[in-house]
Each structure stands twice: as C-alpha cells, then as structure tokens.
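Trainee: Data file data.cif (mmCIF, C-alpha atoms) is appended below.
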```
data_upload
#
loop_
_atom_site.group_PDB
_atom_site.id
_atom_site.type_symbol
_atom_site.label_atom_id
_atom_site.label_comp_id
_atom_site.auth_asym_id
_atom_site.auth_seq_id
_atom_site.Cartn_x
_atom_site.Cartn_y
_atom_site.Cartn_z
ATOM 1 C CA MET A 1 0.000 0.000 0.000
ATOM 2 C CA SER A 2 0.988 3.601 -0.440
ATOM 3 C CA THR A 3 1.090 6.046 2.424
ATOM 4 C CA PRO A 4 -0.615 9.420 1.963
ATOM 5 C CA ALA A 5 1.825 12.303 2.461
ATOM 6 C CA HIS A 6 1.509 14.533 5.517
ATOM 7 C CA VAL A 7 1.160 18.175 4.480
ATOM 8 C CA THR A 8 2.011 21.249 6.550
ATOM 9 C CA SER A 9 0.823 24.830 6.189
ATOM 10 C CA ASP A 10 4.023 25.633 4.306
ATOM 11 C CA GLN A 11 3.400 22.865 1.752
ATOM 12 C CA PHE A 12 -0.369 23.223 1.335
ATOM 13 C CA GLN A 13 -0.373 25.840 -1.439
ATOM 14 C CA LYS A 14 1.949 23.915 -3.744
ATOM 15 C CA THR A 15 0.877 20.381 -2.848
ATOM 16 C CA VAL A 16 -2.889 20.898 -2.789
ATOM 17 C CA LEU A 17 -3.988 24.198 -4.304
ATOM 18 C CA GLU A 18 -1.552 24.214 -7.231
ATOM 19 C CA SER A 19 -1.813 20.505 -8.013
ATOM 20 C CA GLN A 20 -2.625 19.510 -11.580
ATOM 21 C CA GLN A 21 -4.578 16.514 -10.317
ATOM 22 C CA PRO A 22 -7.399 16.191 -7.781
ATOM 23 C CA VAL A 23 -6.215 16.079 -4.161
ATOM 24 C CA LEU A 24 -8.183 14.446 -1.346
ATOM 25 C CA VAL A 25 -7.178 16.034 1.963
ATOM 26 C CA ASP A 26 -7.806 14.101 5.179
ATOM 27 C CA PHE A 27 -8.049 16.471 8.157
ATOM 28 C CA TYR A 28 -7.422 14.177 11.134
ATOM 29 C CA ALA A 29 -5.869 13.778 14.581
ATOM 30 C CA ASP A 30 -3.807 10.904 15.978
ATOM 31 C CA TRP A 31 -6.170 10.446 18.956
ATOM 32 C CA CYS A 32 -9.304 10.173 16.767
ATOM 33 C CA GLY A 33 -10.679 6.610 16.489
ATOM 34 C CA PRO A 34 -12.651 7.153 13.262
ATOM 35 C CA CYS A 35 -9.589 8.865 11.773
ATOM 36 C CA ARG A 36 -7.482 5.793 12.543
ATOM 37 C CA ALA A 37 -10.187 3.607 10.979
ATOM 38 C CA MET A 38 -9.983 5.685 7.767
ATOM 39 C CA ALA A 39 -6.202 5.311 7.462
ATOM 40 C CA PRO A 40 -6.112 1.891 5.718
ATOM 41 C CA VAL A 41 -8.858 2.979 3.308
ATOM 42 C CA LEU A 42 -6.889 6.096 2.372
ATOM 43 C CA GLU A 43 -3.683 4.081 1.964
ATOM 44 C CA GLN A 44 -5.467 1.680 -0.380
ATOM 45 C CA LEU A 45 -6.948 4.522 -2.430
ATOM 46 C CA ALA A 46 -3.599 6.361 -2.572
ATOM 47 C CA ALA A 47 -2.049 3.295 -4.198
ATOM 48 C CA GLU A 48 -5.024 2.715 -6.484
ATOM 49 C CA PHE A 49 -5.145 6.323 -7.756
ATOM 50 C CA ALA A 50 -1.384 6.981 -7.900
ATOM 51 C CA GLY A 51 -0.684 9.282 -10.837
ATOM 52 C CA ARG A 52 -4.365 10.260 -11.213
ATOM 53 C CA ALA A 53 -5.212 11.782 -7.823
ATOM 54 C CA ALA A 54 -3.278 12.523 -4.642
ATOM 55 C CA ILE A 55 -4.294 11.776 -1.083
ATOM 56 C CA VAL A 56 -2.705 13.821 1.687
ATOM 57 C CA LYS A 57 -3.195 14.172 5.432
ATOM 58 C CA VAL A 58 -3.309 17.279 7.619
ATOM 59 C CA ASN A 59 -3.023 16.771 11.373
ATOM 60 C CA VAL A 60 -5.375 19.375 12.884
ATOM 61 C CA ASP A 61 -3.448 19.408 16.164
ATOM 62 C CA ASP A 62 -0.162 20.185 14.383
ATOM 63 C CA GLU A 63 -1.711 22.546 11.803
ATOM 64 C CA PRO A 64 -4.374 24.631 13.622
ATOM 65 C CA GLU A 65 -4.033 27.415 11.016
ATOM 66 C CA LEU A 66 -5.155 25.074 8.226
ATOM 67 C CA ALA A 67 -7.912 23.606 10.389
ATOM 68 C CA GLY A 68 -9.209 27.117 11.068
ATOM 69 C CA ARG A 69 -8.831 28.252 7.476
ATOM 70 C CA PHE A 70 -11.041 25.400 6.273
ATOM 71 C CA GLN A 71 -13.397 25.577 9.288
ATOM 72 C CA ILE A 72 -12.783 22.011 10.410
ATOM 73 C CA ALA A 73 -15.241 21.411 13.250
ATOM 74 C CA SER A 74 -15.317 17.584 13.234
ATOM 75 C CA ILE A 75 -12.802 14.951 12.256
ATOM 76 C CA PRO A 76 -12.240 13.143 10.098
ATOM 77 C CA THR A 77 -13.131 15.713 7.457
ATOM 78 C CA LEU A 78 -12.213 14.875 3.892
ATOM 79 C CA MET A 79 -12.042 17.659 1.307
ATOM 80 C CA LEU A 80 -11.527 17.051 -2.379
ATOM 81 C CA PHE A 81 -9.705 19.880 -4.139
ATOM 82 C CA ARG A 82 -9.577 20.266 -7.898
ATOM 83 C CA GLY A 83 -8.022 23.198 -9.667
ATOM 84 C CA GLY A 84 -7.400 24.860 -6.307
ATOM 85 C CA LEU A 85 -11.082 24.748 -5.303
ATOM 86 C CA ILE A 86 -12.990 22.565 -2.865
ATOM 87 C CA VAL A 87 -15.369 20.418 -4.910
ATOM 88 C CA LYS A 88 -16.585 18.077 -2.165
ATOM 89 C CA THR A 89 -16.497 17.892 1.637
ATOM 90 C CA ILE A 90 -17.287 14.741 3.593
ATOM 91 C CA VAL A 91 -17.423 14.709 7.393
ATOM 92 C CA GLY A 92 -17.085 11.457 9.320
ATOM 93 C CA LEU A 93 -16.140 7.883 8.610
ATOM 94 C CA THR A 94 -16.721 7.131 4.934
ATOM 95 C CA ARG A 95 -16.822 3.866 3.001
ATOM 96 C CA ALA A 96 -14.065 3.078 0.502
ATOM 97 C CA ASP A 97 -16.522 2.631 -2.371
ATOM 98 C CA GLN A 98 -17.922 6.142 -1.862
ATOM 99 C CA LEU A 99 -14.457 7.684 -1.930
ATOM 100 C CA ARG A 100 -13.420 5.538 -4.890
ATOM 101 C CA SER A 101 -16.459 6.700 -6.861
ATOM 102 C CA LEU A 102 -15.717 10.333 -6.016
ATOM 103 C CA LEU A 103 -12.067 10.001 -7.030
ATOM 104 C CA HIS A 104 -13.033 8.268 -10.290
ATOM 105 C CA GLN A 105 -15.466 11.073 -11.083
ATOM 106 C CA TYR A 106 -12.970 13.894 -10.556
ATOM 107 C CA SER A 107 -9.801 12.202 -11.800
ATOM 108 C CA ALA A 108 -11.441 11.428 -15.144
ATOM 109 C CA GLN A 109 -12.351 15.067 -15.930
ATOM 110 C CA PRO A 110 -9.911 17.777 -17.007
ATOM 111 C CA ALA A 111 -9.483 20.489 -14.361
ATOM 112 C CA THR A 112 -10.874 23.942 -15.060
ATOM 113 C CA ARG A 113 -10.206 27.185 -13.223
#
```
In structure tokens, write the structure found in this file.
Mentor:
Amino acid sequence: MSTPAHVTSDQFQKTVLESQQPVLVDFYADWCGPCRAMAPVLEQLAAEFAGRAAIVKVNVDDEPELAGRFQIASIPTLMLFRGGLIVKTIVGLTRADQLRSLLHQYSAQPATR
C-alpha cells in the first residue's frame, strides 16, 4: 500500500492548491478513532489512484491554522480539491466505495479554473 503524504501549512499551497490533479485532503488527529479507521482505506486509495489523484493528510493538532482556514469542526473531514477549489467535503467515517467513486469522477475530468 501507499502512504498518503503529511502536508504542513508551508506545503499546502503547492501540494494541494496548485496541483494539476485532484487532491483528497484528510483532516485528522492521531487520537481520533474514526480517523485511525480511515487510514487503511486512504492508503489503499492512494495506491489505487497513484498518478491520477493525490491523497494527503493534515493533522489538525499540528496545523491549527489550516484547520481554522477550512473551518474544520469535526474529524475526520475529507475535502476534495480540484483546480485549487474545494469540490466536495465529507465529514465522518466514509466507506471506501464512496471515496473511490468520487475520485473516479474527478480524476477522469480535465481540471478547469
């Protein structure tokens, strides 16, 4: 399996907002049970979509600026970015097939700004 990259505030602009491919951002915390349950799903999807979409993680405890900027009130919160814009937000534990379908939908379309 592939491991999603951990992204800091300093890396967010380039890694997420300027990406040429869709980026699924997992806002999480180490102490969060549902977040830990999502980890293997995200690893599987990162490997499956390598080269077509990126999956990254933002630890809300380590990156409170990013958590505040995107108004993260509950974790896990997953945000799909495409062309620098948020196209989908999902709060809570989510099934792999739902995320796979979402990634297929957005990785198959050319990005527009």
Trainee: So, with only C-alpha atoms as the atoms that count, which of A:Glu48, A:Glu43, A:Asp61, A:Glu18 lies closest to Ile75 (chain A)?
Mentor: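 Going through A:Glu48, A:Glu43, A:Asp61, A:Glu18 one by one, the smallest distance to Ile75 (chain A) is for A:Asp61.
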Trainee: What gap, in Å, lies between CA of Ser101 (chain A) and CA of Lys88 (chain A)?
Mentor: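 Computed distance, CA of Ser101 (chain A) to CA of Lys88 (chain A), equals 12.3 Å.
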Trainee: Separation of CA of Thr15 (chain A) and CA of Arg95 (chain A), in Å?
Mentor: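 So the answer is 24.9 Å.
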Trainee: Name the residues that the PyMOL selection byres ((chain A and resi 99) around 10) picks from the file above, as an mmCIF file with C-alpha atoms, in the coordinates of the input, using the file's chain letters and numbers.
Mentor:
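And here's selection.cif as it stands now:
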```
data_model
loop_
_atom_site.group_PDB
_atom_site.id
_atom_site.type_symbol
_atom_site.label_atom_id
_atom_site.label_comp_id
_atom_site.auth_asym_id
_atom_site.auth_seq_id
_atom_site.Cartn_x
_atom_site.Cartn_y
_atom_site.Cartn_z
ATOM 1 C CA LEU A 24 -8.183 14.446 -1.346
ATOM 2 C CA VAL A 41 -8.858 2.979 3.308
ATOM 3 C CA LEU A 42 -6.889 6.096 2.372
ATOM 4 C CA LEU A 45 -6.948 4.522 -2.430
ATOM 5 C CA LEU A 78 -12.213 14.875 3.892
ATOM 6 C CA LEU A 80 -11.527 17.051 -2.379
ATOM 7 C CA ILE A 90 -17.287 14.741 3.593
ATOM 8 C CA THR A 94 -16.721 7.131 4.934
ATOM 9 C CA ARG A 95 -16.822 3.866 3.001
ATOM 10 C CA ALA A 96 -14.065 3.078 0.502
ATOM 11 C CA ASP A 97 -16.522 2.631 -2.371
ATOM 12 C CA GLN A 98 -17.922 6.142 -1.862
ATOM 13 C CA ARG A 100 -13.420 5.538 -4.890
ATOM 14 C CA SER A 101 -16.459 6.700 -6.861
ATOM 15 C CA LEU A 102 -15.717 10.333 -6.016
ATOM 16 C CA LEU A 103 -12.067 10.001 -7.030
ATOM 17 C CA HIS A 104 -13.033 8.268 -10.290
ATOM 18 C CA GLN A 105 -15.466 11.073 -11.083
#
```
Trainee: Compile the contact shell of Ala29 (chain A) as a ChimeraX atom specification: residues with an atom at most 7 Å away, counting only C-alpha atoms, same-chain residues fewer than 5 positions apart removed.
Mentor: /A:35,59-61
Trainee: I need the output of the PyMOL selection byres ((chain A and resi 79) around 12) for this file as a PyMOL selection string; which residues are they?
Mentor: chain A and resi 16-17+22-28+54-58+67+70-72+75-78+80-82+84-92+99+102-103
Trainee: For Phe12 (chain A), which residue among A:Ala50, A:Leu66, A:Ala73, A:Ala39 is the nearest when counting all atoms listed in the file?
Mentor: A:Leu66
Trainee: Take CA of Ala37 (chain A) and CA of Gly83 (chain A) and report the distance between them in Å, one decimal.
Mentor: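 Calculated distance between CA of Ala37 (chain A) and CA of Gly83 (chain A) is 28.5 Å.
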Trainee: Kindly list the centre and edge lengths in Å, rounded to one decimal, for the axis-aligned box that covers all listed atoms of region 3-9 of chain A plus 3 Å on each of its six sides, as AutoDock Vina command-line options.
Mentor:
```
--center_x 0.7 --center_y 15.4 --center_z 4.3 --size_x 8.6 --size_y 24.8 --size_z 10.6
```
